[in-house]
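Participant: I am attaching a structure below and will ask some questions about it afterwards.
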Amino acid sequence: MAKSFLIDTTLCTGCRGCQVACKQWHDLPAEPTQNMGSFQNPQDLSFTTYKLVRMQEQVVGNKLRWLFFPEQCRHCIDAPCEATAGEPTAIFTDPMTGAVLYTAITKELPAEEIIESCPYNIPRMAPDGTLAKCDMCQDRVENGLLPACVKTCPTGAMNFGERDEVVEMANKHLMMARKKFKDANLIDVDTIRVIYLVAHKPELYHDFAMASNAEIGITRHMALQRMFRPFKRAGAQLMRG
Ligand code: SF4
Ligand code: SF4
Ligand code: SF4
């Protein structure tokens with residue numbers, strides 16, 4: 001069975017170790033940044049930033065909460081970006097790990113269409129038109145190592161393994177989280193391989209935290225319909241808790 005992540009945001013301290021480890025393993029350059037009034041840096045994903053710890057200050061139940069959301073590609077089980085590309089030499093799913101992988105041939109694809117098809121707004125384009133995003137550290141995983149971001153996380157917020165085990169772990173973490181946070185939930189658990197556990201409503205963390213919350217154009221809307229067609233009822237039950 002292919003792999004999955006559990007990112008338990010209730011355990012995340014916003015240290016950004018995962019963000020740095022991702023850059024280091026992929027030998028990606030730092031980005032020029034500026035103070036935008038938040039500790040989040042840089043401000044968005046890019047062609048050279050596959051992992052970004054998003055930070056939001058939100059008032060929840062009369063308390064100021066600092067919400068961390070370590071963002072990356074969700075490695076969708078039926079990936080809309082792959083379906084939109086329709087070109088397996090450019091975007092394909094690795095059958096062993098379930099990683100959705102991009103190659104240099106993405107340069108020949110209609111980049112805007114691929115980007116718009118992603119319900120989580122993940123792929124980013126280089127100046128030459130090549131698309132990039134998190135690759136699940138496929139080279140590490142194939143060699144029995146954990147993804148760099150998981151390996152480096154000091155709090156246990158990031159977890160990785162066989163999908164059935166990760167889903168079981170996610171449900172256990174959810175039960176624990178619900179004791180403290182009444183709105184705790186798992187995001188889009190049936191359709192993606194990067195399962196987020198959030199303590200509060202997903203939209204408080206990030207506009208694209210949950211696929212169905214995304215501001216959507218026609219292509220993204222079609223991608224959502226495709227992703228959720230077989231799971232609509234189960235997903236609705238899950239989000240009601
Ligand atoms: Fe593709 Fe977006 Fe899904 Fe990643 S999150 S596999 S980029 S559709
Ligand atoms: Fe980066 Fe690898 Fe983690 Fe993806 S799995 S965010 S590529 S470190
Ligand atoms: Fe959060 Fe772990 Fe990333 Fe630190 S390394 S920001 S604790 S997910």
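Following the order of the structure tokens, first chain is A, next is B, and so on, with residues numbered from 1 inside each chain and ligands from 1 in the order they appear.
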Quick one: which chain A residues come within 7 Å of ligand 3, and what is the nearest atom pair for each with the distance in Å to one decimal, counting only C-alpha atoms and all ligand atoms, rows ordered by chain and ascending number, as a tab-separated table?
Facilitator:
residue	atom	partner	partner_atom_place_in_ligand_line	distance
A:Ile7	CA	ligand 3	8 (S)	6.8
A:Leu11	CA	ligand 3	7 (S)	6.6
A:Cys12	CA	ligand 3	1 (Fe)	3.7
A:Thr13	CA	ligand 3	7 (S)	4.5
A:Gly14	CA	ligand 3	6 (S)	3.8
A:Cys15	CA	ligand 3	4 (Fe)	3.9
A:Arg16	CA	ligand 3	6 (S)	3.8
A:Gly17	CA	ligand 3	5 (S)	4.1
A:Cys18	CA	ligand 3	5 (S)	4.1
A:Gln19	CA	ligand 3	3 (Fe)	6.5
A:Val53	CA	ligand 3	6 (S)	5.9
A:Pro70	CA	ligand 3	8 (S)	5.6
A:Cys149	CA	ligand 3	5 (S)	6.6
A:Thr152	CA	ligand 3	5 (S)	6.0
A:Cys153	CA	ligand 3	5 (S)	3.6
A:Pro154	CA	ligand 3	2 (Fe)	5.8
A:Thr155	CA	ligand 3	7 (S)	5.3
A:Gly156	CA	ligand 3	2 (Fe)	6.6
A:Ala157	CA	ligand 3	8 (S)	5.1
A:Met158	CA	ligand 3	8 (S)	5.4
Participant: Once you count only C-alpha atoms and all ligand atoms, which residues end up within 6 Å of ligand 2, and could you hand them over as a list in words?
Facilitator: Cys22, Tyr50, Lys51, Gln72, Cys134, Asp135, Met136, Cys137, Pro147, Ala148 and Cys149 of chain A
Participant: Pick the closest to Glu142 (chain A) from A:Met96, A:Leu197, A:Val20, A:Cys76: which is it, counting only C-alpha atoms?
Facilitator: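 Comparing A:Met96, A:Leu197, A:Val20, A:Cys76 against Glu142 (chain A), the winner is A:Met96.
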Participant: Show which residues sit within 7 Å of Cys118 (chain A), as a PyMOL selection string. Count only C-alpha atoms, and ignore same-chain residues fewer than 2 positions away.
Facilitator: chain A and resi 80-81+114-116+120-122+220
Participant: Just C-alpha atoms for this one: save the residues we selected as a PDB file, in the first residue's frame.
Facilitator:
ATOM      1  CA  PRO A  80      -6.526  16.742 -10.605  1.00  0.00           C
ATOM      2  CA  CYS A  81      -3.182  18.176 -11.783  1.00  0.00           C
ATOM      3  CA  ILE A 114      -2.352  22.862 -14.264  1.00  0.00           C
ATOM      4  CA  ILE A 115      -2.051  25.455 -11.489  1.00  0.00           C
ATOM      5  CA  GLU A 116      -5.762  26.274 -11.657  1.00  0.00           C
ATOM      6  CA  TYR A 120      -4.920  23.427  -2.841  1.00  0.00           C
ATOM      7  CA  ASN A 121      -3.110  26.002  -5.024  1.00  0.00           C
ATOM      8  CA  ILE A 122       0.216  24.186  -4.860  1.00  0.00           C
ATOM      9  CA  ARG A 220     -10.611  24.097  -9.925  1.00  0.00           C
TER      10      ARG A 220
END
Participant: How far is it from CA of Phe68 (chain A) to CA of Leu101 (chain A), in Å with one decimal?
Facilitator: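 CA of Leu101 (chain A) lies 25.9 Å from CA of Phe68 (chain A).
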Participant: I want to know what sits within 8 Å of Thr130 (chain A), based on only C-alpha atoms, with residues of the same chain fewer than 4 positions away left out; could you give that as a list in words?
Facilitator: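 Listing them by chain and then by number gives Ala104, Ile105, Thr106, Lys107, Glu108, Ala111, Met125 and Ala126 of chain A.
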Participant: Could you take the residues named above and write them with C-alpha atoms, as a PDB file, in the first residue's frame?
Facilitator:
ATOM      1  CA  ALA A 104      11.073  18.740 -16.570  1.00  0.00           C
ATOM      2  CA  ILE A 105       8.525  17.988 -19.321  1.00  0.00           C
ATOM      3  CA  THR A 106       5.977  20.057 -17.352  1.00  0.00           C
ATOM      4  CA  LYS A 107       7.600  22.944 -19.273  1.00  0.00           C
ATOM      5  CA  GLU A 108       5.578  21.803 -22.295  1.00  0.00           C
ATOM      6  CA  ALA A 111       1.026  25.885 -16.805  1.00  0.00           C
ATOM      7  CA  MET A 125       6.068  27.923 -12.254  1.00  0.00           C
ATOM      8  CA  ALA A 126       9.717  28.778 -12.991  1.00  0.00           C
TER       9      ALA A 126
END
Participant: When DSSP works through the backbone of this structure, what residues of region 4-168 of chain A end up as helix (DSSP H, G or I), shown as a PyMOL selection string?
Facilitator: chain A and resi 9-11+17-26+80-85+104-108+111-117+138-142+148-152+163-168
Participant: For the selection just defined, write its residues with C-alpha atoms to a file, as a compact mmCIF listing (two decimals), in the first residue's frame.
Facilitator:
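For reference, out22.txt as written:
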# COMPACT_ATOMS: atom_id res chain seq x y z
CA THR A 9 -0.94 20.96 13.62
CA THR A 10 -1.88 20.78 17.31
CA LEU A 11 1.72 19.62 17.94
CA GLY A 17 12.68 23.00 10.81
CA CYS A 18 10.65 21.19 8.14
CA GLN A 19 10.78 24.18 5.81
CA VAL A 20 14.57 24.41 6.12
CA ALA A 21 15.08 20.64 5.81
CA CYS A 22 13.10 20.63 2.56
CA LYS A 23 15.33 23.37 1.12
CA GLN A 24 18.46 21.62 2.32
CA TRP A 25 17.61 18.17 0.91
CA HIS A 26 16.59 19.58 -2.47
CA PRO A 80 -6.53 16.74 -10.60
CA CYS A 81 -3.18 18.18 -11.78
CA GLU A 82 -2.23 14.81 -13.27
CA ALA A 83 -5.62 14.37 -14.93
CA THR A 84 -5.48 17.90 -16.36
CA ALA A 85 -1.99 17.34 -17.75
CA ALA A 104 11.07 18.74 -16.57
CA ILE A 105 8.53 17.99 -19.32
CA THR A 106 5.98 20.06 -17.35
CA LYS A 107 7.60 22.94 -19.27
CA GLU A 108 5.58 21.80 -22.29
CA ALA A 111 1.03 25.89 -16.81
CA GLU A 112 -1.94 28.09 -15.89
CA GLU A 113 -4.38 25.22 -16.47
CA ILE A 114 -2.35 22.86 -14.26
CA ILE A 115 -2.05 25.46 -11.49
CA GLU A 116 -5.76 26.27 -11.66
CA SER A 117 -6.69 22.59 -11.50
CA GLN A 138 10.80 10.20 -3.39
CA ASP A 139 14.55 9.54 -3.53
CA ARG A 140 14.73 9.24 0.26
CA VAL A 141 11.55 7.19 0.60
CA GLU A 142 12.65 4.71 -2.11
CA ALA A 148 13.40 15.28 5.13
CA CYS A 149 10.63 17.38 6.69
CA VAL A 150 9.33 14.45 8.73
CA LYS A 151 12.80 13.37 9.83
CA THR A 152 13.61 16.82 11.15
CA ARG A 163 -1.39 4.72 4.49
CA ASP A 164 -3.58 2.43 6.60
CA GLU A 165 -1.31 2.95 9.61
CA VAL A 166 -1.24 6.70 9.11
CA VAL A 167 -5.04 6.91 8.82
CA GLU A 168 -5.34 4.90 12.05
Participant: Looking at A:Met176, A:Ala132, A:Leu145, A:Leu67, which one is nearest to ligand 1, with distances taken over only C-alpha atoms and all ligand atoms?
Facilitator: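 Checking each of A:Met176, A:Ala132, A:Leu145, A:Leu67 against ligand 1, counting only C-alpha atoms and all ligand atoms, the winner is A:Ala132.
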Participant: Kindly give the distance, in Å, that separates CA of Ser4 (chain A) and CA of Phe160 (chain A), rounded to a single decimal.
Facilitator: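 Value for the CA of Ser4 (chain A)-CA of Phe160 (chain A) distance: 5.8 Å.
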Participant: Please, which residues of region 18-165 of chain A, numbered as in this document, come out strand (DSSP E) from DSSP, as a ChimeraX atom specification?
Facilitator: /A:52-60,63-71,91-93,100-102,124-125,131-132,158-162
Participant: Take the residues from that selection and write them out as a compact mmCIF listing (two decimals), in the first residue's frame, keeping N, CA and C atoms.
Facilitator:
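The resulting part-v2.txt:
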# COMPACT_ATOMS: atom_id res chain seq x y z
N LEU A 52 6.14 25.35 3.24
CA LEU A 52 6.03 26.66 3.86
C LEU A 52 5.17 26.54 5.11
N VAL A 53 5.72 26.98 6.24
CA VAL A 53 4.94 26.98 7.47
C VAL A 53 4.13 28.27 7.50
N ARG A 54 2.84 28.15 7.17
CA ARG A 54 1.97 29.33 7.19
C ARG A 54 1.61 29.65 8.64
N MET A 55 1.54 30.95 8.93
CA MET A 55 1.28 31.41 10.31
C MET A 55 0.15 32.43 10.28
N GLN A 56 -0.85 32.21 11.11
CA GLN A 56 -1.99 33.13 11.20
C GLN A 56 -2.27 33.45 12.65
N GLU A 57 -2.54 34.71 12.93
CA GLU A 57 -3.05 35.07 14.27
C GLU A 57 -4.55 35.21 14.14
N GLN A 58 -5.30 34.43 14.93
CA GLN A 58 -6.76 34.44 14.83
C GLN A 58 -7.35 34.47 16.24
N VAL A 59 -8.47 35.17 16.37
CA VAL A 59 -9.19 35.13 17.64
C VAL A 59 -10.22 34.00 17.54
N VAL A 60 -10.08 33.01 18.41
CA VAL A 60 -11.00 31.86 18.42
C VAL A 60 -11.55 31.75 19.85
N LYS A 63 -10.07 34.01 22.46
CA LYS A 63 -8.65 33.86 22.76
C LYS A 63 -7.84 34.07 21.49
N LEU A 64 -6.72 34.77 21.62
CA LEU A 64 -5.83 34.92 20.46
C LEU A 64 -5.05 33.63 20.27
N ARG A 65 -5.16 33.07 19.07
CA ARG A 65 -4.46 31.81 18.77
C ARG A 65 -3.46 32.05 17.64
N TRP A 66 -2.32 31.44 17.78
CA TRP A 66 -1.31 31.50 16.72
C TRP A 66 -1.37 30.16 16.01
N LEU A 67 -1.86 30.16 14.78
CA LEU A 67 -2.12 28.91 14.06
C LEU A 67 -1.02 28.65 13.04
N PHE A 68 -0.45 27.47 13.10
CA PHE A 68 0.62 27.08 12.18
C PHE A 68 0.10 26.01 11.22
N PHE A 69 0.46 26.15 9.96
CA PHE A 69 0.01 25.20 8.95
C PHE A 69 1.18 24.90 8.01
N PRO A 70 1.91 23.81 8.29
CA PRO A 70 3.07 23.47 7.45
C PRO A 70 2.60 22.92 6.11
N GLU A 71 2.57 23.79 5.11
CA GLU A 71 1.93 23.47 3.83
C GLU A 71 2.86 22.78 2.85
N ILE A 91 3.58 14.54 -15.60
CA ILE A 91 3.02 14.40 -14.24
C ILE A 91 2.48 12.99 -14.11
N PHE A 92 2.94 12.28 -13.09
CA PHE A 92 2.48 10.90 -12.89
C PHE A 92 2.50 10.56 -11.40
N THR A 93 1.74 9.52 -11.06
CA THR A 93 1.73 9.03 -9.68
C THR A 93 2.61 7.79 -9.59
N VAL A 100 2.79 12.11 -6.20
CA VAL A 100 2.48 12.72 -7.50
C VAL A 100 3.72 13.51 -7.90
N LEU A 101 4.32 13.11 -9.02
CA LEU A 101 5.65 13.62 -9.38
C LEU A 101 5.61 14.44 -10.66
N TYR A 102 6.37 15.53 -10.67
CA TYR A 102 6.49 16.40 -11.84
C TYR A 102 7.89 16.21 -12.45
N ARG A 124 3.88 25.66 -8.63
CA ARG A 124 4.44 26.98 -8.96
C ARG A 124 5.32 26.85 -10.19
N MET A 125 5.41 27.95 -10.95
CA MET A 125 6.07 27.92 -12.25
C MET A 125 7.39 28.69 -12.22
N LEU A 131 7.12 23.45 -14.01
CA LEU A 131 6.34 23.47 -12.77
C LEU A 131 7.06 22.65 -11.70
N ALA A 132 6.90 23.06 -10.45
CA ALA A 132 7.53 22.31 -9.35
C ALA A 132 6.68 22.36 -8.10
N MET A 158 4.85 16.03 12.40
CA MET A 158 4.91 15.41 11.08
C MET A 158 5.19 13.92 11.21
N ASN A 159 4.37 13.13 10.53
CA ASN A 159 4.48 11.67 10.59
C ASN A 159 4.31 11.13 9.18
N PHE A 160 4.89 9.94 8.94
CA PHE A 160 4.87 9.37 7.59
C PHE A 160 4.91 7.86 7.69
N GLY A 161 4.19 7.18 6.80
CA GLY A 161 4.26 5.72 6.80
C GLY A 161 3.24 5.12 5.86
N GLU A 162 2.96 3.83 6.06
CA GLU A 162 1.97 3.14 5.25
C GLU A 162 0.61 3.80 5.47
Participant: Out of A:Glu87, A:Asp8, A:Asp128, A:Asp94, which residue has the shortest atom-to-atom distance to Val198 (chain A) when counting only C-alpha atoms?
Facilitator: A:Asp8
Participant: How many Å lie between CA of Gly86 (chain A) and CA of Asn143 (chain A), rounded to one decimal?
Facilitator: 28.7 Å
Participant: Hey, which of A:Gly144, A:Gly129, A:Gly98, A:Gly37 ends up closest to ligand 1? Count only C-alpha atoms and all ligand atoms.
Facilitator: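 The shortest atom-to-atom distance to ligand 1 comes from A:Gly98.
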Participant: For a quick check of understanding, using only C-alpha atoms and all ligand atoms, which of A:Ala79, A:Pro110, A:Pro202, A:Ala2 has the smallest distance to ligand 1?
Facilitator: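 Under the stated criterion, the closest residue is A:Ala79.
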